[in-house]
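S.K.: What follows is coords31.txt; its format and atoms are compact mmCIF, C-alpha atoms.
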# COMPACT_ATOMS: atom_id res chain seq x y z
CA MET A 734 2.33 -35.10 -5.51
CA THR A 735 4.24 -32.69 -7.83
CA GLN A 736 2.32 -32.04 -11.03
CA LEU A 737 -1.02 -32.53 -9.41
CA ASP A 738 -0.12 -30.26 -6.48
CA ALA A 739 1.00 -27.41 -8.68
CA ARG A 740 -2.21 -27.66 -10.68
CA ILE A 741 -4.32 -27.65 -7.57
CA TRP A 742 -2.46 -24.65 -6.17
CA LEU A 743 -3.11 -22.67 -9.30
CA ALA A 744 -6.74 -23.73 -9.47
CA GLU A 745 -7.55 -23.18 -5.82
CA HIS A 746 -5.33 -20.28 -4.83
CA GLY A 747 -4.49 -18.55 -8.13
CA ASP A 748 -7.21 -15.92 -7.87
CA TYR A 749 -6.49 -15.28 -4.22
CA LEU A 750 -2.75 -14.87 -4.77
CA PHE A 751 -3.39 -12.60 -7.74
CA ARG A 752 -5.71 -10.33 -5.73
CA VAL A 753 -3.24 -10.02 -2.88
CA ALA A 754 -0.41 -9.26 -5.33
CA ARG A 755 -2.48 -6.85 -7.39
CA ARG A 756 -3.22 -4.63 -4.41
CA GLN A 757 0.47 -4.24 -3.76
CA LEU A 758 1.90 -4.08 -7.24
CA HIS A 759 -0.50 -1.82 -9.10
CA SER A 760 -0.24 -3.53 -12.46
CA ASP A 761 -1.84 -6.76 -13.70
CA GLU A 762 1.33 -7.92 -15.43
CA GLU A 763 3.47 -7.61 -12.32
CA ALA A 764 0.87 -9.34 -10.20
CA GLU A 765 0.70 -12.22 -12.71
CA ASP A 766 4.49 -12.47 -12.64
CA ALA A 767 4.43 -12.60 -8.86
CA VAL A 768 1.88 -15.43 -8.90
CA GLN A 769 3.91 -17.37 -11.44
CA GLU A 770 7.16 -16.92 -9.53
CA THR A 771 5.45 -17.91 -6.32
CA LEU A 772 4.13 -21.16 -7.76
CA LEU A 773 7.46 -21.99 -9.37
CA ALA A 774 9.28 -21.33 -6.10
CA ALA A 775 6.70 -23.41 -4.25
CA LEU A 776 7.23 -26.24 -6.69
CA ALA A 777 10.98 -26.08 -6.24
CA ALA A 778 10.64 -26.04 -2.47
CA ARG A 779 7.79 -28.54 -2.14
CA GLU A 780 9.89 -31.01 -0.16
CA ARG A 781 10.37 -28.39 2.50
CA TYR A 782 6.66 -27.77 2.88
CA ALA A 783 5.94 -29.70 6.03
CA GLY A 784 2.20 -29.25 5.87
CA ASP A 785 1.94 -27.62 9.27
CA SER A 786 0.33 -24.55 7.75
CA SER A 787 -2.39 -24.54 5.11
CA PRO A 788 -1.16 -24.45 1.51
CA ARG A 789 -2.69 -20.98 1.15
CA THR A 790 -0.76 -19.62 4.13
CA TRP A 791 2.41 -21.23 2.88
CA LEU A 792 1.94 -19.85 -0.65
CA THR A 793 1.06 -16.38 0.66
CA GLY A 794 4.30 -16.34 2.65
CA ILE A 795 6.28 -17.08 -0.51
CA LEU A 796 4.25 -14.48 -2.42
CA LYS A 797 5.21 -11.76 0.07
CA HIS A 798 8.89 -12.35 -0.64
CA LYS A 799 8.27 -12.29 -4.38
CA ILE A 800 6.38 -9.02 -4.09
CA VAL A 801 9.20 -7.40 -2.13
CA ASP A 802 11.67 -8.69 -4.76
CA LEU A 803 9.65 -7.15 -7.57
CA ILE A 804 9.30 -3.86 -5.74
CA ARG A 805 12.99 -3.79 -4.97
CA ARG A 806 13.78 -4.23 -8.66
CA ASN A 807 11.46 -1.33 -9.48
CA VAL A 808 12.83 1.20 -7.04
CA ARG A 809 16.45 0.80 -7.95
CA GLU A 810 17.99 3.93 -9.44
CA VAL A 811 15.23 6.24 -8.37
CA GLU A 812 16.30 9.49 -6.79
CA ILE A 813 13.56 10.38 -4.43
CA PRO A 814 14.59 13.64 -2.76
CA ARG A 815 15.15 15.37 -6.08
CA ASP A 816 11.65 14.60 -7.17
CA ALA A 817 10.65 18.24 -7.51
CA GLU A 818 7.32 17.37 -9.06
CA GLY A 819 6.21 15.60 -5.91
CA GLU A 820 7.27 18.57 -3.84
CA GLU A 821 5.30 20.93 -6.06
CA ALA A 822 2.22 18.81 -5.70
CA VAL A 823 2.53 19.11 -1.93
CA ASP A 824 3.06 22.88 -2.27
CA ALA A 825 -0.27 23.10 -4.04
CA LEU A 826 -2.08 21.71 -0.99
CA PHE A 827 -0.76 24.39 1.38
CA LYS A 828 -0.53 28.17 1.46
CA ARG A 829 2.87 29.75 1.67
CA ASP A 830 2.55 30.26 5.41
CA GLY A 831 2.02 26.50 5.85
CA HIS A 832 -1.75 26.56 6.37
CA TRP A 833 -4.03 24.25 4.40
CA ALA A 834 -5.04 25.86 1.10
CA GLU A 835 -8.54 24.38 1.41
CA PRO A 836 -10.39 23.38 4.56
CA LEU A 837 -10.75 19.64 5.10
CA ARG A 838 -14.22 18.19 5.22
CA PRO A 839 -14.97 15.39 7.63
CA TRP A 840 -15.47 11.93 6.17
CA GLY A 841 -18.54 9.87 6.71
CA ASN A 842 -18.51 6.43 8.15
CA PRO A 843 -19.22 3.79 5.51
CA GLN A 844 -21.50 1.20 7.07
CA THR A 845 -22.79 -1.28 4.56
CA GLU A 846 -20.64 -3.85 2.81
CA ALA A 847 -21.55 -2.24 -0.52
CA GLU A 848 -20.34 1.18 0.64
CA LEU A 849 -17.12 -0.30 1.93
CA SER A 850 -16.45 -2.19 -1.21
CA GLN A 851 -17.11 0.90 -3.35
CA LEU A 852 -14.77 2.90 -1.17
CA ARG A 853 -12.07 0.26 -1.48
CA ARG A 854 -12.30 0.44 -5.23
CA VAL A 855 -11.86 4.24 -5.20
CA LEU A 856 -8.99 3.86 -2.77
CA ASP A 857 -7.28 1.29 -4.98
CA ASP A 858 -7.77 3.49 -8.06
CA CYS A 859 -6.21 6.38 -6.18
CA ALA A 860 -3.32 4.19 -5.04
CA ASP A 861 -2.73 3.16 -8.65
CA ARG A 862 -2.29 6.84 -9.53
CA LEU A 863 0.55 7.37 -7.07
CA LYS A 864 4.03 7.60 -8.54
CA PRO A 865 5.59 4.13 -8.67
CA VAL A 866 8.13 4.48 -5.85
CA MET A 867 5.69 6.25 -3.62
CA ALA A 868 3.05 3.61 -4.31
CA GLN A 869 5.47 0.85 -3.48
CA VAL A 870 6.72 2.28 -0.22
CA PHE A 871 3.11 2.93 0.70
CA SER A 872 2.05 -0.62 -0.19
CA LEU A 873 4.81 -2.20 1.83
CA ARG A 874 3.87 -0.08 4.79
CA GLU A 875 0.08 -0.09 4.71
CA VAL A 876 -0.86 -3.20 2.81
CA ALA A 877 1.94 -5.56 3.78
CA GLY A 878 2.26 -3.93 7.21
CA MET A 879 6.07 -3.81 7.17
CA GLU A 880 7.96 -1.53 9.57
CA THR A 881 9.63 1.51 7.97
CA GLU A 882 13.05 0.34 9.14
CA GLU A 883 12.54 -2.94 7.30
CA ILE A 884 11.31 -1.09 4.19
CA CYS A 885 14.37 1.18 4.14
CA LYS A 886 16.63 -1.82 4.39
CA GLU A 887 14.79 -3.76 1.72
CA LEU A 888 14.71 -0.87 -0.72
CA GLY A 889 18.05 0.68 0.13
CA ILE A 890 16.64 4.13 0.87
CA THR A 891 17.20 6.37 3.88
CA PRO A 892 14.59 6.69 6.65
CA THR A 893 14.13 10.35 5.72
CA ASN A 894 13.25 9.39 2.16
CA CYS A 895 10.85 6.83 3.49
CA TRP A 896 9.01 9.40 5.63
CA VAL A 897 8.92 11.94 2.81
CA LEU A 898 7.41 9.34 0.47
CA LEU A 899 4.87 8.13 2.99
CA HIS A 900 3.86 11.68 3.86
CA ARG A 901 3.33 12.57 0.21
CA ALA A 902 1.51 9.33 -0.52
CA ARG A 903 -0.89 9.92 2.36
CA LEU A 904 -1.52 13.55 1.36
CA PHE A 905 -2.22 12.57 -2.24
CA LEU A 906 -4.46 9.65 -1.36
CA ARG A 907 -6.49 11.81 0.96
CA GLU A 908 -6.83 14.45 -1.72
CA CYS A 909 -7.71 11.88 -4.35
CA LEU A 910 -10.42 10.34 -2.17
CA GLU A 911 -11.94 13.74 -1.58
CA LEU A 912 -11.82 14.67 -5.25
CA ASN A 913 -13.54 11.39 -6.06
CA GLY A 914 -16.48 12.19 -3.95
CA PHE A 915 -15.64 10.65 -0.62
CA SER A 916 -16.85 13.25 1.86
CA GLY A 917 -19.69 14.26 4.03
CA GLY A 918 -21.31 10.88 4.58
CA ALA A 919 -20.22 8.43 1.94
CA LEU A 920 -19.34 8.34 -1.71
CA SER A 921 -21.65 10.61 -3.59
CA MET B 278 12.60 29.77 18.53
CA ARG B 279 9.55 28.62 16.65
CA TRP B 280 8.07 25.65 18.41
CA MET B 281 4.55 25.54 17.06
CA PRO B 282 4.45 23.56 13.81
CA THR B 283 2.49 24.87 10.81
CA CYS B 284 -0.25 22.72 9.26
CA ARG B 285 2.16 21.47 6.66
CA GLU B 286 4.68 20.50 9.32
CA ALA B 287 1.95 19.01 11.47
CA THR B 288 0.91 16.71 8.61
CA GLU B 289 4.53 15.55 8.35
CA LEU B 290 4.62 14.80 12.06
CA ALA B 291 1.22 13.11 12.01
CA SER B 292 2.31 10.95 9.10
CA ARG B 293 5.55 9.99 10.82
CA GLU B 294 3.72 9.18 14.00
CA MET B 295 1.90 6.46 12.03
CA ASP B 296 5.25 4.77 11.53
CA GLU B 297 7.34 5.37 14.61
CA ARG B 298 7.56 7.06 17.98
CA LEU B 299 8.22 10.80 17.70
CA SER B 300 10.66 12.70 19.89
CA LEU B 301 9.15 14.38 22.94
CA LEU B 302 9.49 17.81 21.33
CA ASP B 303 7.79 16.70 18.11
CA ARG B 304 5.04 15.00 20.06
CA LEU B 305 4.36 18.14 22.08
CA GLY B 306 4.43 20.35 19.00
CA LEU B 307 1.98 18.12 17.19
CA LYS B 308 -0.29 17.92 20.21
CA MET B 309 -0.40 21.67 20.60
CA HIS B 310 -1.08 22.19 16.94
CA LEU B 311 -3.91 19.65 16.93
CA ALA B 312 -5.44 21.33 19.98
CA ILE B 313 -6.06 24.47 17.97
CA CYS B 314 -6.44 23.18 14.40
CA ARG B 315 -9.59 21.41 13.24
CA ASN B 316 -8.28 20.72 9.74
CA CYS B 317 -5.27 18.84 11.05
CA ARG B 318 -7.40 16.95 13.55
CA ARG B 319 -9.50 15.79 10.60
CA PHE B 320 -6.35 14.90 8.73
CA THR B 321 -5.14 12.60 11.52
CA VAL B 322 -8.54 10.89 11.73
CA GLN B 323 -8.47 10.36 7.97
CA LEU B 324 -4.97 8.87 8.11
CA GLU B 325 -6.21 6.26 10.57
CA GLU B 326 -9.26 5.63 8.42
CA MET B 327 -7.14 5.05 5.30
CA ARG B 328 -4.88 2.67 7.19
CA ARG B 329 -7.87 0.70 8.40
CA LEU B 330 -9.30 0.43 4.90
CA PHE B 331 -6.04 -0.72 3.40
CA ARG B 332 -5.34 -3.31 6.05
CA ILE B 333 -8.79 -4.80 6.50
CA GLU B 334 -8.88 -6.41 3.15
CA THR B 335 -5.26 -7.35 2.61
CA ALA B 336 -6.82 -10.71 2.04
CA ALA B 337 -8.44 -9.03 -0.97
CA ASP B 338 -12.18 -9.12 -1.43
CA ASP B 339 -13.83 -11.35 -3.93
CA ASP B 340 -15.39 -8.68 -6.12
CA THR B 341 -12.04 -7.54 -7.49
CA PRO B 342 -11.03 -9.39 -10.66
CA GLY B 343 -9.06 -12.60 -10.26
CA LEU B 344 -6.43 -14.10 -12.51
CA ASP B 345 -7.01 -13.48 -16.21
CA PRO B 346 -7.71 -16.79 -18.09
CA GLU B 347 -4.90 -16.03 -20.53
CA ALA B 348 -2.42 -15.50 -17.69
CA ARG B 349 -3.67 -18.63 -15.97
CA ARG B 350 -2.93 -20.69 -19.06
CA ARG B 351 0.50 -19.12 -19.36
CA ILE B 352 1.36 -19.90 -15.75
CA GLU B 353 0.06 -23.43 -16.08
CA SER B 354 2.23 -24.15 -19.11
CA GLU B 355 5.20 -22.58 -17.32
CA LEU B 356 4.64 -24.93 -14.39
CA HIS B 357 4.40 -27.87 -16.77
CA SER B 358 7.62 -27.07 -18.55
CA LYS B 359 9.39 -26.88 -15.19
CA LEU B 360 7.94 -30.21 -14.15
CA ASP B 361 8.92 -31.94 -17.36
CA ALA B 362 12.45 -30.62 -17.22
As structure tokens - that is how I would like this structure written.
M.R.:
Amino acid sequence: MTQLDARIWLAEHGDYLFRVARRQLHSDEEAEDAVQETLLAALAARERYAGDSSPRTWLTGILKHKIVDLIRRNVREVEIPRDAEGEEAVDALFKRDGHWAEPLRPWGNPQTEAELSQLRRVLDDCADRLKPVMAQVFSLREVAGMETEEICKELGITPTNCWVLLHRARLFLRECLELNGFSGGALS
Amino acid sequence: MRWMPTCREATELASREMDERLSLLDRLGLKMHLAICRNCRRFTVQLEEMRRLFRIETAADDDTPGLDPEARRRIESELHSKLDA
């Protein structure tokens, strides 16, 4: 096994692992690092791989841990509640009395595969524009599907900070989608 | 006592409800607000829509770029050096 296995993993699952990592990490370099660390860890642990799941499933499991590790490294030392800039950006979306500053338009329902794939690309671009910590909390929650409690524990932040970040991330993404033409039917 | 949330507060509650169960009071407040506010109803629909779009393709679709050839070579040589060691 060994050398051959590692080569096959990279050849057969490298692109897949990279795409999964890239959606969560928002930079090519970090996603490449995650893939590399995953394959190295897999190599080191190959005796423990019993073969009762497919190699891809096994590798993806390792990748998830690596992604969380990378994110945890990134969020250290970040003071979220004092992020006045984020608060100001939220202020801009609402009037002083708490009403929406602009009415929301309904979204269309993308039907074809092409529409969906275009929408995903806009969504990913918008996610890349989120502030790093916000993007990471959001990724763990929505892409990796982790529970907020687990995220707080992993990242060492309070539940309140978690909710504030998720709320802002969702407001900004929604706004970004609308500004990028997603409204009233499909992308225009 | 002010028990009806504003739009801004309602978006906070709606966002939190995506992540955990709200208290009875918060749930009622949000429900009442949504009953009278079309913008916030749209907001909650859009939150669900965004979640769906993010989760569907966690497996990543094939038209996004894969591993860069340069990075692939780098990773391969890294794997080799570990194997030789």
S.K.: For segment 832-902 of chain A against segment 311-330 of chain B, with a cut-off of 7 Å and counting all atoms listed in the file, what is the closest atom pair and its distance in Å to one decimal for every residue that makes the cut, ordered by chain and number, as CSV?
M.R.:
residue,atom,partner,partner_atom,distance
A:Pro836,CA,B:Asn316,CA,6.2
A:Leu837,CA,B:Asn316,CA,5.4
A:Pro839,CA,B:Arg319,CA,6.2
A:Arg853,CA,B:Leu330,CA,7.0
A:Glu875,CA,B:Arg328,CA,6.2
S.K.: May I have the residues within 12 Å of Lys828 of chain A as a tab-separated table (two decimals) with C-alpha atoms, in the frame of the given file, using only C-alpha atoms and disregarding those fewer than 6 positions away in the same chain?
M.R.:
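Dumped everything to result.tsv:
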chain	number	residue	atom	x	y	z
A	821	GLU	CA	5.30	20.93	-6.06
A	834	ALA	CA	-5.04	25.86	1.10
A	835	GLU	CA	-8.54	24.38	1.41
A	836	PRO	CA	-10.39	23.38	4.56
B	283	THR	CA	2.49	24.87	10.81
B	284	CYS	CA	-0.25	22.72	9.26
B	285	ARG	CA	2.16	21.47	6.66
S.K.: Go through A:Asn913, A:Gln769, A:Gln757, A:Thr891 and flag the residue nearest Arg350 of chain B, using all atoms listed in the file for the distances.
M.R.: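 Nearest candidate to Arg350 of chain B out of A:Asn913, A:Gln769, A:Gln757, A:Thr891: A:Gln769.
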S.K.: Sort by chain and increasing residue number a table of all residues of chain B within 9 Å of chain A, each with its closest pair of atoms and their distance in Å to one decimal, counting all atoms listed in the file, and write it as JSON lines.
M.R.:
{"residue": "B:Pro282", "atom": "CA", "partner": "A:Gly831", "partner_atom": "CA", "distance": 8.8}
{"residue": "B:Thr283", "atom": "CA", "partner": "A:Gly831", "partner_atom": "CA", "distance": 5.2}
{"residue": "B:Cys284", "atom": "CA", "partner": "A:His832", "partner_atom": "CA", "distance": 5.0}
{"residue": "B:Arg285", "atom": "CA", "partner": "A:Gly831", "partner_atom": "CA", "distance": 5.1}
{"residue": "B:Glu286", "atom": "CA", "partner": "A:Gly831", "partner_atom": "CA", "distance": 7.4}
{"residue": "B:Thr288", "atom": "CA", "partner": "A:His900", "partner_atom": "CA", "distance": 7.5}
{"residue": "B:Glu289", "atom": "CA", "partner": "A:His900", "partner_atom": "CA", "distance": 6.0}
{"residue": "B:Leu290", "atom": "CA", "partner": "A:His900", "partner_atom": "CA", "distance": 8.8}
{"residue": "B:Ala291", "atom": "CA", "partner": "A:His900", "partner_atom": "CA", "distance": 8.7}
{"residue": "B:Ser292", "atom": "CA", "partner": "A:His900", "partner_atom": "CA", "distance": 5.5}
{"residue": "B:Arg293", "atom": "CA", "partner": "A:Trp896", "partner_atom": "CA", "distance": 6.3}
{"residue": "B:Asp296", "atom": "CA", "partner": "A:Thr881", "partner_atom": "CA", "distance": 6.5}
{"residue": "B:Glu297", "atom": "CA", "partner": "A:Thr881", "partner_atom": "CA", "distance": 8.0}
{"residue": "B:Arg315", "atom": "CA", "partner": "A:Leu837", "partner_atom": "CA", "distance": 8.4}
{"residue": "B:Asn316", "atom": "CA", "partner": "A:Leu837", "partner_atom": "CA", "distance": 5.4}
{"residue": "B:Cys317", "atom": "CA", "partner": "A:Leu837", "partner_atom": "CA", "distance": 8.1}
{"residue": "B:Arg319", "atom": "CA", "partner": "A:Pro839", "partner_atom": "CA", "distance": 6.2}
{"residue": "B:Phe320", "atom": "CA", "partner": "A:Leu837", "partner_atom": "CA", "distance": 7.4}
{"residue": "B:Val322", "atom": "CA", "partner": "A:Pro839", "partner_atom": "CA", "distance": 8.9}
{"residue": "B:Gln323", "atom": "CA", "partner": "A:Trp840", "partner_atom": "CA", "distance": 7.4}
{"residue": "B:Leu324", "atom": "CA", "partner": "A:Arg903", "partner_atom": "CA", "distance": 7.1}
{"residue": "B:Met327", "atom": "CA", "partner": "A:Arg907", "partner_atom": "CA", "distance": 8.1}
{"residue": "B:Arg328", "atom": "CA", "partner": "A:Glu875", "partner_atom": "CA", "distance": 6.2}
{"residue": "B:Arg329", "atom": "CA", "partner": "A:Glu875", "partner_atom": "CA", "distance": 8.8}
{"residue": "B:Leu330", "atom": "CA", "partner": "A:Arg853", "partner_atom": "CA", "distance": 7.0}
{"residue": "B:Phe331", "atom": "CA", "partner": "A:Val876", "partner_atom": "CA", "distance": 5.8}
{"residue": "B:Arg332", "atom": "CA", "partner": "A:Val876", "partner_atom": "CA", "distance": 5.5}
{"residue": "B:Ile333", "atom": "CA", "partner": "A:Val876", "partner_atom": "CA", "distance": 8.9}
{"residue": "B:Glu334", "atom": "CA", "partner": "A:Val876", "partner_atom": "CA", "distance": 8.6}
{"residue": "B:Thr335", "atom": "CA", "partner": "A:Val876", "partner_atom": "CA", "distance": 6.1}
{"residue": "B:Ala336", "atom": "CA", "partner": "A:Val753", "partner_atom": "CA", "distance": 6.1}
{"residue": "B:Ala337", "atom": "CA", "partner": "A:Val753", "partner_atom": "CA", "distance": 5.6}
{"residue": "B:Asp338", "atom": "CA", "partner": "A:Arg752", "partner_atom": "CA", "distance": 7.9}
{"residue": "B:Asp339", "atom": "CA", "partner": "A:Tyr749", "partner_atom": "CA", "distance": 8.3}
{"residue": "B:Asp340", "atom": "CA", "partner": "A:Ser850", "partner_atom": "CA", "distance": 8.2}
{"residue": "B:Thr341", "atom": "CA", "partner": "A:Arg752", "partner_atom": "CA", "distance": 7.1}
{"residue": "B:Pro342", "atom": "CA", "partner": "A:Arg752", "partner_atom": "CA", "distance": 7.3}
{"residue": "B:Gly343", "atom": "CA", "partner": "A:Asp748", "partner_atom": "CA", "distance": 4.5}
{"residue": "B:Leu344", "atom": "CA", "partner": "A:Asp748", "partner_atom": "CA", "distance": 5.0}
{"residue": "B:Asp345", "atom": "CA", "partner": "A:Glu765", "partner_atom": "CA", "distance": 8.6}
{"residue": "B:Ala348", "atom": "CA", "partner": "A:Glu765", "partner_atom": "CA", "distance": 6.7}
{"residue": "B:Arg349", "atom": "CA", "partner": "A:Leu743", "partner_atom": "CA", "distance": 7.8}
{"residue": "B:Arg351", "atom": "CA", "partner": "A:Gln769", "partner_atom": "CA", "distance": 8.8}
{"residue": "B:Ile352", "atom": "CA", "partner": "A:Gln769", "partner_atom": "CA", "distance": 5.6}
{"residue": "B:Glu353", "atom": "CA", "partner": "A:Arg740", "partner_atom": "CA", "distance": 7.2}
{"residue": "B:Glu355", "atom": "CA", "partner": "A:Gln769", "partner_atom": "CA", "distance": 8.0}
{"residue": "B:Leu356", "atom": "CA", "partner": "A:Leu773", "partner_atom": "CA", "distance": 6.5}
{"residue": "B:His357", "atom": "CA", "partner": "A:Gln736", "partner_atom": "CA", "distance": 7.4}
{"residue": "B:Lys359", "atom": "CA", "partner": "A:Leu773", "partner_atom": "CA", "distance": 7.8}
{"residue": "B:Leu360", "atom": "CA", "partner": "A:Gln736", "partner_atom": "CA", "distance": 6.7}
S.K.: Between atom CA of Tyr782 of chain A and atom CA of Leu888 of chain A, what is the spacing in Å?
M.R.: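 Interatomic distance, atom CA of Leu888 of chain A to atom CA of Tyr782 of chain A: 28.3 Å.
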S.K.: Separation of atom CA of Lys864 of chain A and atom CA of Cys909 of chain A, in Å?
M.R.: 13.2 Å
S.K.: Smallest atom-to-atom distance to Trp742 of chain A: which of A:Thr771, A:Gln851, A:Gly914, A:Ala822, using only C-alpha atoms?
M.R.: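 Counting only C-alpha atoms, the residue closest to Trp742 of chain A is A:Thr771.
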S.K.: Compile the contact shell of Asp303 of chain B as a ChimeraX atom specification: residues with an atom at most 10 Å away, counting all atoms listed in the file, same-chain residues fewer than 5 positions apart removed.
M.R.: /B:280-282,287,290-291,294,298,308-309
S.K.: So the first atom is atom CA of Ser787 of chain A and the second is atom CA of Pro346 of chain B; what is the distance between them in Å, to one decimal place?
M.R.: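 Here the two named atoms are 25.0 Å from each other.
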S.K.: Can you sort out segment 787-807 of chain A so it carries N, CA and C atoms, written as a PDB file, in the frame of the given file?
M.R.:
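Once everything was written out, this is selection.pdb:
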ATOM      1  N   SER A 787      -1.582 -24.218   6.287  1.00  0.00           N
ATOM      2  CA  SER A 787      -2.390 -24.540   5.110  1.00  0.00           C
ATOM      3  C   SER A 787      -1.599 -24.149   3.872  1.00  0.00           C
ATOM      4  N   PRO A 788      -1.876 -24.815   2.738  1.00  0.00           N
ATOM      5  CA  PRO A 788      -1.160 -24.450   1.510  1.00  0.00           C
ATOM      6  C   PRO A 788      -1.290 -22.957   1.202  1.00  0.00           C
ATOM      7  N   ARG A 789      -2.484 -22.395   1.469  1.00  0.00           N
ATOM      8  CA  ARG A 789      -2.690 -20.980   1.150  1.00  0.00           C
ATOM      9  C   ARG A 789      -1.761 -20.097   1.977  1.00  0.00           C
ATOM     10  N   THR A 790      -1.648 -20.394   3.263  1.00  0.00           N
ATOM     11  CA  THR A 790      -0.760 -19.620   4.130  1.00  0.00           C
ATOM     12  C   THR A 790       0.685 -19.756   3.670  1.00  0.00           C
ATOM     13  N   TRP A 791       1.050 -20.972   3.340  1.00  0.00           N
ATOM     14  CA  TRP A 791       2.410 -21.230   2.880  1.00  0.00           C
ATOM     15  C   TRP A 791       2.694 -20.455   1.590  1.00  0.00           C
ATOM     16  N   LEU A 792       1.771 -20.539   0.633  1.00  0.00           N
ATOM     17  CA  LEU A 792       1.940 -19.850  -0.650  1.00  0.00           C
ATOM     18  C   LEU A 792       1.956 -18.330  -0.460  1.00  0.00           C
ATOM     19  N   THR A 793       1.108 -17.827   0.432  1.00  0.00           N
ATOM     20  CA  THR A 793       1.060 -16.380   0.660  1.00  0.00           C
ATOM     21  C   THR A 793       2.388 -15.882   1.233  1.00  0.00           C
ATOM     22  N   GLY A 794       2.986 -16.688   2.099  1.00  0.00           N
ATOM     23  CA  GLY A 794       4.300 -16.340   2.650  1.00  0.00           C
ATOM     24  C   GLY A 794       5.346 -16.200   1.546  1.00  0.00           C
ATOM     25  N   ILE A 795       5.343 -17.151   0.612  1.00  0.00           N
ATOM     26  CA  ILE A 795       6.280 -17.080  -0.510  1.00  0.00           C
ATOM     27  C   ILE A 795       5.966 -15.854  -1.366  1.00  0.00           C
ATOM     28  N   LEU A 796       4.673 -15.618  -1.593  1.00  0.00           N
ATOM     29  CA  LEU A 796       4.250 -14.480  -2.420  1.00  0.00           C
ATOM     30  C   LEU A 796       4.781 -13.160  -1.857  1.00  0.00           C
ATOM     31  N   LYS A 797       4.741 -13.008  -0.537  1.00  0.00           N
ATOM     32  CA  LYS A 797       5.210 -11.760   0.070  1.00  0.00           C
ATOM     33  C   LYS A 797       6.669 -11.481  -0.307  1.00  0.00           C
ATOM     34  N   HIS A 798       7.489 -12.533  -0.250  1.00  0.00           N
ATOM     35  CA  HIS A 798       8.890 -12.350  -0.640  1.00  0.00           C
ATOM     36  C   HIS A 798       9.019 -11.950  -2.099  1.00  0.00           C
ATOM     37  N   LYS A 799       8.216 -12.591  -2.940  1.00  0.00           N
ATOM     38  CA  LYS A 799       8.270 -12.290  -4.380  1.00  0.00           C
ATOM     39  C   LYS A 799       7.848 -10.842  -4.642  1.00  0.00           C
ATOM     40  N   ILE A 800       6.845 -10.389  -3.909  1.00  0.00           N
ATOM     41  CA  ILE A 800       6.380  -9.020  -4.090  1.00  0.00           C
ATOM     42  C   ILE A 800       7.477  -8.034  -3.702  1.00  0.00           C
ATOM     43  N   VAL A 801       8.115  -8.289  -2.564  1.00  0.00           N
ATOM     44  CA  VAL A 801       9.200  -7.400  -2.130  1.00  0.00           C
ATOM     45  C   VAL A 801      10.332  -7.413  -3.162  1.00  0.00           C
ATOM     46  N   ASP A 802      10.639  -8.604  -3.706  1.00  0.00           N
ATOM     47  CA  ASP A 802      11.670  -8.690  -4.760  1.00  0.00           C
ATOM     48  C   ASP A 802      11.323  -7.807  -5.945  1.00  0.00           C
ATOM     49  N   LEU A 803      10.078  -7.928  -6.403  1.00  0.00           N
ATOM     50  CA  LEU A 803       9.650  -7.150  -7.570  1.00  0.00           C
ATOM     51  C   LEU A 803       9.722  -5.656  -7.285  1.00  0.00           C
ATOM     52  N   ILE A 804       9.285  -5.272  -6.099  1.00  0.00           N
ATOM     53  CA  ILE A 804       9.300  -3.860  -5.740  1.00  0.00           C
ATOM     54  C   ILE A 804      10.740  -3.362  -5.667  1.00  0.00           C
ATOM     55  N   ARG A 805      11.591  -4.195  -5.104  1.00  0.00           N
ATOM     56  CA  ARG A 805      12.990  -3.790  -4.970  1.00  0.00           C
ATOM     57  C   ARG A 805      13.606  -3.543  -6.345  1.00  0.00           C
ATOM     58  N   ARG A 806      13.280  -4.418  -7.296  1.00  0.00           N
ATOM     59  CA  ARG A 806      13.780  -4.230  -8.660  1.00  0.00           C
ATOM     60  C   ARG A 806      13.299  -2.899  -9.228  1.00  0.00           C
ATOM     61  N   ASN A 807      12.044  -2.551  -8.931  1.00  0.00           N
ATOM     62  CA  ASN A 807      11.460  -1.330  -9.480  1.00  0.00           C
ATOM     63  C   ASN A 807      12.076  -0.057  -8.925  1.00  0.00           C
TER      64      ASN A 807
END
